[in-house]
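Asker: Have a look at the structure that comes next, please.
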Amino acid sequence: MAAKRTIRWQSLRQAIGVFRYIGPYRWAFIGGMLMLVLGSVVFMVFPWAAGEMANVAIGKGRFGLTLWDFALLFAIILVVQGLLSYLRILLFAYVSEKGMAHLRTEVFAKLITLPVQYFDDKRTGELTSYITTDVERLQSAFSVTLAEFLRQIIIMIVGVVVLIWIAPRLTLWMLLTFPVVVILAMVFGRYIKRFSRRRQDSLATANHIVEEAIQHIRTVKAFVAEWMEMRKYRNAIDSVVQISLKFARVKGLFFIFVVTFLFGALFLILWLGAWYVSKGMMDVGDLFAFVMYTAIMGGAIAGLGNLFTQLSESVGAAARVLEILEYPSETPITQIEVHPKNYIRGDLHFEDVHFAYPSRPDVEVLKGVHFTIKEGQKVALVGPSGAGKTTLTQLVLRFYKPTKGTIRINNRPIEDFPLTEYRAQLAVVPQEVMLFSGTIEDNIRYGNPRASAEEVRRAATLANAMEFIDRLPDGMRTYVGDKGFQLSAGQRQRIAIARAILKNPRLLILDEATSSLDAQSEHFVQEALERLMKGRTSIIIAHRLSTILDADKIIVLQNGRIVQQGTHAQLLSDTDGLYYSLYKLQATGVPM
Ligand SMILES: Nc1ncnc2c1ncn2[C@@H]1O[C@H](COP(=O)(O)OP(=O)(O)O)[C@@H](O)[C@H]1O
Ligand SMILES: [Mg+2]
């Protein structure tokens with residue numbers, strides 16, 4: 001319990017931290033708050049004026065005012081109220097839009113500089129929700145919720161003060177009954193909310209079935225699984241109905257409760273009021289004002305619960321957003337200019353490298369890997385899938401740190417190089433190439449944003465990509481990516497190679513770059529890769545061993561250990577070795 005409380009305080013402290021982001025707009029915020037307070041007070045004059053007007057109408061006015069005076073007063077209230085509301089909305093919009101734009105950019109800058117490890121444990125949706133849902137929640141907190149919350153509180157305080165002034169006895173009755181009913185209603189409301197959430201969850205499950213079935217419609221049809229999907233969906237919908245009906249019963253009970261207790265209390269007050277009026281202890285106008293205040297305050301109380309929930313959600317959102325902002329970045333975002341003393345040249349050494357992914361610390365993926373790649377050499381990594389080949393390259397990229405052992409370049413631990421300068425000299429051609437939404441030219445230029453159009457073309461030519469780019473409707477300007485022109489795997493691969501050529505790396509990593517290609521594309525891609533590798537240190541993870549026969553060294557990895565290394569001829573001579581059996585399998589055409 002104590003722990004829970006400290007966490008709450010912690011998140012409150014963090015929520016207040018969000019105010020830092022609206023700091024530059026604080027005067028607008030304070031101005032908006034001022035408009036709000038003024039507006040609420042002006043608004044609270046109205047029920048009193050209406051009551052007093054009723055008193056004037058029956059000849060019992062106390063302040064010597066005429067009905068015309070009230071007409072004027074109402075007109076003034078309306079105009080002032082409108083003006084104040086307009087200014088308040090503008091000021092709050094200004095604060096929340098500017099402040100949240102600032103916050104959003106900060107969160108994105110942070111998100112994109114977080115270490116890879118951070119992304120392992122989170123789902124993409126979860127991460128993007130920081131920028132979308134959470135920041136939006138904060139935005140509504142700053143534009144509406146905080147203001148409304150404050151307004152309701154002002155209404156209640158002013159209301160109680162005015163009520164005590166015009167009808168102290170009746171107010172006492174009201175204060176004795178209403179809070180009890182309201183508190184009961186809030187407790188009940190919380191219970192109802194649980195049902196509402198369960199209903200939402202079960203509906204989400206049902207919707208997920210629809211989404212998945214549509215997304216994988218080809219699989220569904222190929223397996224004639226329409227009926228199965230329909231049954232799954234019907235079951236899910238059935239449970240939605242069941243929960244909804246339970247929910248409806250609870251809601252119905254709540255309605256009975258509200259009608260009997262809330263209205264019961266209201267009728268009691270009304271009756272008492274009528275009693276006082278009949279005894280001459282109260283004026284009709286005052287009773288009228290009293291009822292209006294009570295109704296307004298009832299509305300305020302009802303709204304408060306909701307606003308309170310929204311505010312505590314905003315506190316949660318603020319805590320999440322600030323937590324991510326406080327997470328240490330991998331590296332600051334800077335323009336990259338590699339200093340000569342940070343050139344990565346020389347041999348690459350793996351010295352007894354052990355590694356387990358931070359998300360699965362008990363499973364050691366690399367178990368003491370030890371080898372050397374001489375500068376300019378082409379070294380191949382082979383081995384069954386799951387052996388740890390990709391993992392090894394991720395360590396070279398410094399996405400993760402070895403749990404034990406050191407990776408050195410030119411006898412300098414790679415951690416000693418400034419991260420951005422280091423990675424600027426590496427290029428990866430992965431198995432599955434992702435293109436960003438944009439033109440082909442944009443995608444190639446990803447390798448070097450400062451490259452000229454001429455350089456982009458040259459890289460594309462060297463990558464054997466011009467051959468197909470020129471045949472596309474808009475050539476280099478063809479839109480690709482999610483909503484653009486769909487390129488084949490081999491075409492995307494060649495764009496990735498052009499990217500790498502443009503980056504002109506010192507160290508090149510090819511991770512099964514040709515494994516998903518047909519024979520013809522593979523020929524084009526292989527040729528482009530040979531050009532790319534020339535004169536650079538290259539690590540090639542090869543799926544087809546035929547592509548690495550000329551490698552300076554082949555390292556055979558199995559189960560996180562190096563089981564063999566040497567040239568193709570050397571390895572092949574060991575007929576008991578893993579390499580021999582892998583090679584024989586492929587040579588006979590049986591896939592690996
Ligand atoms: N991000 C990750 N988190 C946890 N375990 C991982 C991650 N990526 C890969 N692994 C595990 O590490 C092992 C080696 O994977 P990987 O290096 O991809 O093998 P290969 O590239 O040789 O096929 C596998 O057992 C895999 O399940
Ligand atoms: Mg792999």
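Here, A, B, ... name the chains of the structure tokens in the order displayed, residue numbers run from 1 inside each chain, and ligands are numbered from 1 in the same displayed order.
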As a count of residues only, please: every residue in region 288-533 of chain A that DSSP puts in alpha helix (DSSP H).
Answerer: 102
Asker: Need the shell around Tyr343 (chain A): protein/DNA/RNA residues with any atom at most 9 Å away, counting only C-alpha atoms. Skip same-chain ones fewer than 6 positions apart. Format as an MDAnalysis selection string?
Answerer: chainID A and resid 417 421:422 425 506
Asker: With only C-alpha atoms and all ligand atoms counted, collect every polymer residue having an atom within 9 Å of ligand 1; state the result as a PDB file with N, CA and C atoms, in the first residue's frame.
Answerer:
```
ATOM      1  N   VAL A 116      18.709   0.113 -29.331  1.00  0.00           N
ATOM      2  CA  VAL A 116      17.916  -0.950 -29.943  1.00  0.00           C
ATOM      3  C   VAL A 116      17.253  -1.833 -28.890  1.00  0.00           C
ATOM      4  N   GLN A 117      17.978  -2.055 -27.813  1.00  0.00           N
ATOM      5  CA  GLN A 117      17.497  -2.899 -26.733  1.00  0.00           C
ATOM      6  C   GLN A 117      16.127  -2.460 -26.239  1.00  0.00           C
ATOM      7  N   PHE A 119      13.750  -1.239 -27.887  1.00  0.00           N
ATOM      8  CA  PHE A 119      12.682  -1.608 -28.814  1.00  0.00           C
ATOM      9  C   PHE A 119      12.368  -3.098 -28.773  1.00  0.00           C
ATOM     10  N   ASP A 120      13.290  -3.884 -28.175  1.00  0.00           N
ATOM     11  CA  ASP A 120      13.071  -5.321 -28.098  1.00  0.00           C
ATOM     12  C   ASP A 120      11.874  -5.684 -27.231  1.00  0.00           C
ATOM     13  N   ASP A 121      11.713  -4.981 -26.107  1.00  0.00           N
ATOM     14  CA  ASP A 121      10.663  -5.375 -25.163  1.00  0.00           C
ATOM     15  C   ASP A 121       9.333  -4.698 -25.430  1.00  0.00           C
ATOM     16  N   ALA A 356      24.255 -12.485 -24.577  1.00  0.00           N
ATOM     17  CA  ALA A 356      22.856 -12.897 -24.401  1.00  0.00           C
ATOM     18  C   ALA A 356      22.018 -11.641 -24.608  1.00  0.00           C
ATOM     19  N   TYR A 357      20.882 -11.755 -25.274  1.00  0.00           N
ATOM     20  CA  TYR A 357      20.016 -10.594 -25.470  1.00  0.00           C
ATOM     21  C   TYR A 357      19.489 -10.114 -24.118  1.00  0.00           C
ATOM     22  N   PRO A 358      19.469  -8.803 -23.897  1.00  0.00           N
ATOM     23  CA  PRO A 358      18.987  -8.278 -22.614  1.00  0.00           C
ATOM     24  C   PRO A 358      17.567  -8.740 -22.294  1.00  0.00           C
ATOM     25  N   SER A 359      16.777  -8.998 -23.345  1.00  0.00           N
ATOM     26  CA  SER A 359      15.404  -9.437 -23.089  1.00  0.00           C
ATOM     27  C   SER A 359      15.353 -10.913 -22.699  1.00  0.00           C
ATOM     28  N   ARG A 360      16.431 -11.656 -22.967  1.00  0.00           N
ATOM     29  CA  ARG A 360      16.475 -13.062 -22.560  1.00  0.00           C
ATOM     30  C   ARG A 360      17.850 -13.385 -21.996  1.00  0.00           C
ATOM     31  N   PRO A 361      18.153 -12.813 -20.837  1.00  0.00           N
ATOM     32  CA  PRO A 361      19.514 -12.877 -20.306  1.00  0.00           C
ATOM     33  C   PRO A 361      19.999 -14.303 -19.995  1.00  0.00           C
ATOM     34  N   VAL A 363      19.605 -16.958 -21.869  1.00  0.00           N
ATOM     35  CA  VAL A 363      19.979 -17.744 -23.054  1.00  0.00           C
ATOM     36  C   VAL A 363      21.215 -17.132 -23.702  1.00  0.00           C
ATOM     37  N   GLU A 364      22.342 -17.805 -23.586  1.00  0.00           N
ATOM     38  CA  GLU A 364      23.555 -17.273 -24.200  1.00  0.00           C
ATOM     39  C   GLU A 364      23.535 -17.608 -25.697  1.00  0.00           C
ATOM     40  N   VAL A 365      23.547 -16.565 -26.523  1.00  0.00           N
ATOM     41  CA  VAL A 365      23.451 -16.766 -27.972  1.00  0.00           C
ATOM     42  C   VAL A 365      24.841 -16.933 -28.588  1.00  0.00           C
ATOM     43  N   LEU A 366      25.819 -16.170 -28.096  1.00  0.00           N
ATOM     44  CA  LEU A 366      27.206 -16.348 -28.533  1.00  0.00           C
ATOM     45  C   LEU A 366      28.021 -16.819 -27.337  1.00  0.00           C
ATOM     46  N   LEU A 381      30.289 -15.868 -43.060  1.00  0.00           N
ATOM     47  CA  LEU A 381      29.775 -16.566 -41.880  1.00  0.00           C
ATOM     48  C   LEU A 381      28.748 -17.565 -42.376  1.00  0.00           C
ATOM     49  N   VAL A 382      28.919 -18.810 -42.053  1.00  0.00           N
ATOM     50  CA  VAL A 382      27.892 -19.773 -42.441  1.00  0.00           C
ATOM     51  C   VAL A 382      27.487 -20.593 -41.214  1.00  0.00           C
ATOM     52  N   GLY A 383      26.395 -21.296 -41.356  1.00  0.00           N
ATOM     53  CA  GLY A 383      25.923 -22.111 -40.238  1.00  0.00           C
ATOM     54  C   GLY A 383      24.417 -22.201 -40.264  1.00  0.00           C
ATOM     55  N   PRO A 384      23.871 -23.155 -39.576  1.00  0.00           N
ATOM     56  CA  PRO A 384      22.421 -23.337 -39.567  1.00  0.00           C
ATOM     57  C   PRO A 384      21.710 -22.104 -39.008  1.00  0.00           C
ATOM     58  N   SER A 385      20.426 -21.973 -39.323  1.00  0.00           N
ATOM     59  CA  SER A 385      19.724 -20.787 -38.823  1.00  0.00           C
ATOM     60  C   SER A 385      19.568 -20.890 -37.314  1.00  0.00           C
ATOM     61  N   GLY A 386      19.682 -19.732 -36.659  1.00  0.00           N
ATOM     62  CA  GLY A 386      19.653 -19.712 -35.207  1.00  0.00           C
ATOM     63  C   GLY A 386      21.025 -19.885 -34.589  1.00  0.00           C
ATOM     64  N   ALA A 387      22.067 -19.989 -35.439  1.00  0.00           N
ATOM     65  CA  ALA A 387      23.417 -20.194 -34.917  1.00  0.00           C
ATOM     66  C   ALA A 387      23.968 -18.945 -34.238  1.00  0.00           C
ATOM     67  N   GLY A 388      23.445 -17.780 -34.622  1.00  0.00           N
ATOM     68  CA  GLY A 388      23.906 -16.531 -34.018  1.00  0.00           C
ATOM     69  C   GLY A 388      24.622 -15.613 -35.008  1.00  0.00           C
ATOM     70  N   LYS A 389      24.441 -15.861 -36.305  1.00  0.00           N
ATOM     71  CA  LYS A 389      25.148 -15.069 -37.324  1.00  0.00           C
ATOM     72  C   LYS A 389      24.674 -13.615 -37.317  1.00  0.00           C
ATOM     73  N   THR A 390      23.360 -13.440 -37.389  1.00  0.00           N
ATOM     74  CA  THR A 390      22.830 -12.071 -37.399  1.00  0.00           C
ATOM     75  C   THR A 390      23.191 -11.359 -36.095  1.00  0.00           C
ATOM     76  N   THR A 391      23.097 -12.091 -35.002  1.00  0.00           N
ATOM     77  CA  THR A 391      23.437 -11.521 -33.700  1.00  0.00           C
ATOM     78  C   THR A 391      24.860 -10.966 -33.713  1.00  0.00           C
ATOM     79  N   LEU A 392      25.754 -11.739 -34.288  1.00  0.00           N
ATOM     80  CA  LEU A 392      27.157 -11.320 -34.343  1.00  0.00           C
ATOM     81  C   LEU A 392      27.293  -9.979 -35.075  1.00  0.00           C
ATOM     82  N   THR A 393      26.564  -9.842 -36.195  1.00  0.00           N
ATOM     83  CA  THR A 393      26.662  -8.575 -36.929  1.00  0.00           C
ATOM     84  C   THR A 393      26.035  -7.426 -36.133  1.00  0.00           C
ATOM     85  N   GLN A 394      25.033  -7.747 -35.331  1.00  0.00           N
ATOM     86  CA  GLN A 394      24.406  -6.679 -34.531  1.00  0.00           C
ATOM     87  C   GLN A 394      25.365  -6.156 -33.477  1.00  0.00           C
ATOM     88  N   ASP A 511      23.757  -9.525 -44.904  1.00  0.00           N
ATOM     89  CA  ASP A 511      23.090 -10.584 -44.151  1.00  0.00           C
ATOM     90  C   ASP A 511      22.119 -11.323 -45.056  1.00  0.00           C
ATOM     91  N   GLU A 512      22.557 -12.431 -45.597  1.00  0.00           N
ATOM     92  CA  GLU A 512      21.734 -13.242 -46.505  1.00  0.00           C
ATOM     93  C   GLU A 512      21.089 -12.375 -47.576  1.00  0.00           C
ATOM     94  N   ILE A 541      27.072 -12.986 -44.646  1.00  0.00           N
ATOM     95  CA  ILE A 541      26.358 -14.158 -44.170  1.00  0.00           C
ATOM     96  C   ILE A 541      25.724 -14.767 -45.404  1.00  0.00           C
ATOM     97  N   LEU A 557      29.659 -21.264 -37.958  1.00  0.00           N
ATOM     98  CA  LEU A 557      29.106 -21.027 -36.628  1.00  0.00           C
ATOM     99  C   LEU A 557      28.013 -22.046 -36.363  1.00  0.00           C
ATOM    100  N   GLN A 558      28.022 -22.583 -35.172  1.00  0.00           N
ATOM    101  CA  GLN A 558      26.941 -23.497 -34.802  1.00  0.00           C
ATOM    102  C   GLN A 558      26.652 -23.296 -33.328  1.00  0.00           C
ATOM    103  N   ASN A 559      25.363 -23.033 -33.033  1.00  0.00           N
ATOM    104  CA  ASN A 559      24.998 -22.927 -31.632  1.00  0.00           C
ATOM    105  C   ASN A 559      25.800 -21.908 -30.838  1.00  0.00           C
ATOM    106  N   GLY A 560      26.158 -20.789 -31.485  1.00  0.00           N
ATOM    107  CA  GLY A 560      26.884 -19.742 -30.787  1.00  0.00           C
ATOM    108  C   GLY A 560      28.373 -19.992 -30.643  1.00  0.00           C
TER     109      GLY A 560
END
```
Asker: Tell me which protein, DNA and RNA residues are within 9 Å of Phe247 (chain A), counting only C-alpha atoms, leaving out same-chain ones fewer than 2 positions away, and put them as a list in words.
Answerer: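 Non-adjacent residues within range: Ile192, Phe195, Ser196, Arg199, Gln242, Ile243, Ser244, Leu245, Arg249, Val250, Lys251 and Gly252 of chain A.
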Asker: Deliver the residues from the most recent selection as a file, using C-alpha atoms, as an mmCIF file, in the first residue's frame.
Answerer:
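Output (part23.cif):
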```cif
data_model
loop_
_atom_site.group_PDB
_atom_site.id
_atom_site.type_symbol
_atom_site.label_atom_id
_atom_site.label_comp_id
_atom_site.auth_asym_id
_atom_site.auth_seq_id
_atom_site.Cartn_x
_atom_site.Cartn_y
_atom_site.Cartn_z
ATOM 1 C CA ILE A 192 -19.930 0.055 -13.575
ATOM 2 C CA PHE A 195 -17.950 -3.718 -16.638
ATOM 3 C CA SER A 196 -17.618 -1.159 -19.347
ATOM 4 C CA ARG A 199 -17.063 -5.096 -22.570
ATOM 5 C CA GLN A 242 -23.135 -11.848 -22.544
ATOM 6 C CA ILE A 243 -20.958 -9.236 -20.927
ATOM 7 C CA SER A 244 -23.058 -6.446 -22.411
ATOM 8 C CA LEU A 245 -26.234 -7.888 -20.940
ATOM 9 C CA ARG A 249 -28.349 -5.051 -15.701
ATOM 10 C CA VAL A 250 -25.832 -3.203 -13.564
ATOM 11 C CA LYS A 251 -26.536 0.013 -15.446
ATOM 12 C CA GLY A 252 -30.255 -0.482 -14.865
#
```
Asker: Name all residues at most 6 Å from region 481-494 of chain A (count only C-alpha atoms; drop same-chain ones fewer than 4 positions away) and give them as a list of chain:residue names.
Answerer: A:Leu435, A:Phe436, A:Ser437, A:Ala463, A:Ala465, A:Leu517, A:Ser521
Asker: Could you tell me, as a PDB file with C-alpha atoms, in the first residue's frame, which residues of region 366-558 of chain A DSSP assigns to strand (DSSP E or B) when given the backbone?
Answerer:
```pdb
ATOM      1  CA  LEU A 366      27.206 -16.348 -28.533  1.00  0.00           C
ATOM      2  CA  LYS A 367      29.445 -18.518 -26.409  1.00  0.00           C
ATOM      3  CA  GLY A 368      33.024 -17.332 -26.672  1.00  0.00           C
ATOM      4  CA  VAL A 369      33.475 -16.320 -30.300  1.00  0.00           C
ATOM      5  CA  HIS A 370      37.070 -15.620 -31.282  1.00  0.00           C
ATOM      6  CA  PHE A 371      38.343 -14.653 -34.754  1.00  0.00           C
ATOM      7  CA  THR A 372      40.148 -12.020 -36.795  1.00  0.00           C
ATOM      8  CA  ILE A 373      39.215 -10.355 -40.054  1.00  0.00           C
ATOM      9  CA  LYS A 378      36.009 -10.794 -47.389  1.00  0.00           C
ATOM     10  CA  VAL A 379      34.916 -13.147 -44.662  1.00  0.00           C
ATOM     11  CA  ALA A 380      31.890 -15.390 -44.795  1.00  0.00           C
ATOM     12  CA  LEU A 381      29.775 -16.566 -41.880  1.00  0.00           C
ATOM     13  CA  VAL A 382      27.892 -19.773 -42.441  1.00  0.00           C
ATOM     14  CA  LYS A 404      31.770 -10.618 -22.016  1.00  0.00           C
ATOM     15  CA  GLY A 405      34.802 -10.214 -24.247  1.00  0.00           C
ATOM     16  CA  THR A 406      35.807  -7.403 -26.590  1.00  0.00           C
ATOM     17  CA  ILE A 407      35.451  -6.466 -30.218  1.00  0.00           C
ATOM     18  CA  ARG A 408      38.380  -4.415 -31.491  1.00  0.00           C
ATOM     19  CA  ILE A 409      39.189  -2.598 -34.661  1.00  0.00           C
ATOM     20  CA  ARG A 412      40.901  -0.269 -30.243  1.00  0.00           C
ATOM     21  CA  PRO A 413      37.686  -1.464 -28.557  1.00  0.00           C
ATOM     22  CA  LEU A 426      29.334   0.798 -41.733  1.00  0.00           C
ATOM     23  CA  ALA A 427      26.728  -0.357 -44.184  1.00  0.00           C
ATOM     24  CA  VAL A 428      24.333  -3.263 -44.037  1.00  0.00           C
ATOM     25  CA  VAL A 429      22.471  -4.970 -46.832  1.00  0.00           C
ATOM     26  CA  GLY A 438       9.160   8.433 -50.873  1.00  0.00           C
ATOM     27  CA  THR A 439      10.785   8.254 -54.264  1.00  0.00           C
ATOM     28  CA  TYR A 479       7.013   6.662 -55.481  1.00  0.00           C
ATOM     29  CA  VAL A 480       7.704   3.539 -53.423  1.00  0.00           C
ATOM     30  CA  PHE A 485       4.854   1.287 -56.336  1.00  0.00           C
ATOM     31  CA  LEU A 507      33.045  -2.111 -43.289  1.00  0.00           C
ATOM     32  CA  LEU A 508      30.254  -3.898 -45.067  1.00  0.00           C
ATOM     33  CA  ILE A 509      27.792  -6.423 -43.712  1.00  0.00           C
ATOM     34  CA  LEU A 510      25.667  -8.548 -46.013  1.00  0.00           C
ATOM     35  CA  ASP A 511      23.090 -10.584 -44.151  1.00  0.00           C
ATOM     36  CA  THR A 537      36.332  -5.278 -45.173  1.00  0.00           C
ATOM     37  CA  SER A 538      33.207  -7.369 -45.647  1.00  0.00           C
ATOM     38  CA  ILE A 539      31.285  -9.798 -43.516  1.00  0.00           C
ATOM     39  CA  ILE A 540      28.975 -11.920 -45.614  1.00  0.00           C
ATOM     40  CA  ILE A 541      26.358 -14.158 -44.170  1.00  0.00           C
ATOM     41  CA  LYS A 553      38.016 -16.936 -44.829  1.00  0.00           C
ATOM     42  CA  ILE A 554      34.899 -18.878 -43.999  1.00  0.00           C
ATOM     43  CA  ILE A 555      33.761 -19.073 -40.390  1.00  0.00           C
ATOM     44  CA  VAL A 556      31.347 -21.868 -39.542  1.00  0.00           C
ATOM     45  CA  LEU A 557      29.106 -21.027 -36.628  1.00  0.00           C
ATOM     46  CA  GLN A 558      26.941 -23.497 -34.802  1.00  0.00           C
TER      47      GLN A 558
END
```
Asker: Name all residues at most 8 Å from Met174 (chain A) (count only C-alpha atoms; drop same-chain ones fewer than 4 positions away) and give them as a list of chain:residue names.
Answerer: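 Counting only C-alpha atoms, the residues come to A:Leu170, A:Phe178, A:Ala265, A:Ile269.
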Asker: Take the residues from that selection and write them out as an mmCIF file, in the first residue's frame, keeping N, CA and C atoms.
Answerer:
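As a result, again11.cif now contains:
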```
data_model
loop_
_atom_site.group_PDB
_atom_site.id
_atom_site.type_symbol
_atom_site.label_atom_id
_atom_site.label_comp_id
_atom_site.auth_asym_id
_atom_site.auth_seq_id
_atom_site.Cartn_x
_atom_site.Cartn_y
_atom_site.Cartn_z
ATOM 1 N N LEU A 170 -32.003 25.649 4.460
ATOM 2 C CA LEU A 170 -32.193 24.701 3.366
ATOM 3 C C LEU A 170 -30.846 24.150 2.897
ATOM 4 N N PHE A 178 -26.890 15.534 0.025
ATOM 5 C CA PHE A 178 -26.287 15.366 -1.293
ATOM 6 C C PHE A 178 -24.922 14.687 -1.315
ATOM 7 N N ALA A 265 -33.517 12.919 -2.876
ATOM 8 C CA ALA A 265 -32.909 13.995 -2.105
ATOM 9 C C ALA A 265 -33.368 15.350 -2.639
ATOM 10 N N ILE A 269 -35.538 18.307 -0.682
ATOM 11 C CA ILE A 269 -35.135 19.704 -0.561
ATOM 12 C C ILE A 269 -36.248 20.626 -1.084
#
```
Asker: Can you list, as a VMD selection string, every protein, DNA or RNA residue that comes within 12 Å of Tyr86 (chain A) when you count only C-alpha atoms, leaving out same-chain residues fewer than 6 positions away?
Answerer: chain A and resid 32 35 to 36 39 79 to 80 92 to 93
Asker: May I have the residues from that selection written out with C-alpha atoms, as a PDB file, in the first residue's frame?
Answerer:
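Final file, out03.pdb:
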```pdb
ATOM      1  CA  GLY A  32      -6.621  31.601 -19.844  1.00  0.00           C
ATOM      2  CA  MET A  35     -10.613  34.282 -18.056  1.00  0.00           C
ATOM      3  CA  LEU A  36     -11.921  31.020 -16.709  1.00  0.00           C
ATOM      4  CA  GLY A  39     -16.246  33.620 -16.541  1.00  0.00           C
ATOM      5  CA  VAL A  79     -21.806  39.521 -23.695  1.00  0.00           C
ATOM      6  CA  VAL A  80     -19.126  39.312 -21.012  1.00  0.00           C
ATOM      7  CA  PHE A  92      -5.730  27.496 -23.992  1.00  0.00           C
ATOM      8  CA  ALA A  93      -5.547  26.304 -27.590  1.00  0.00           C
TER       9      ALA A  93
END
```
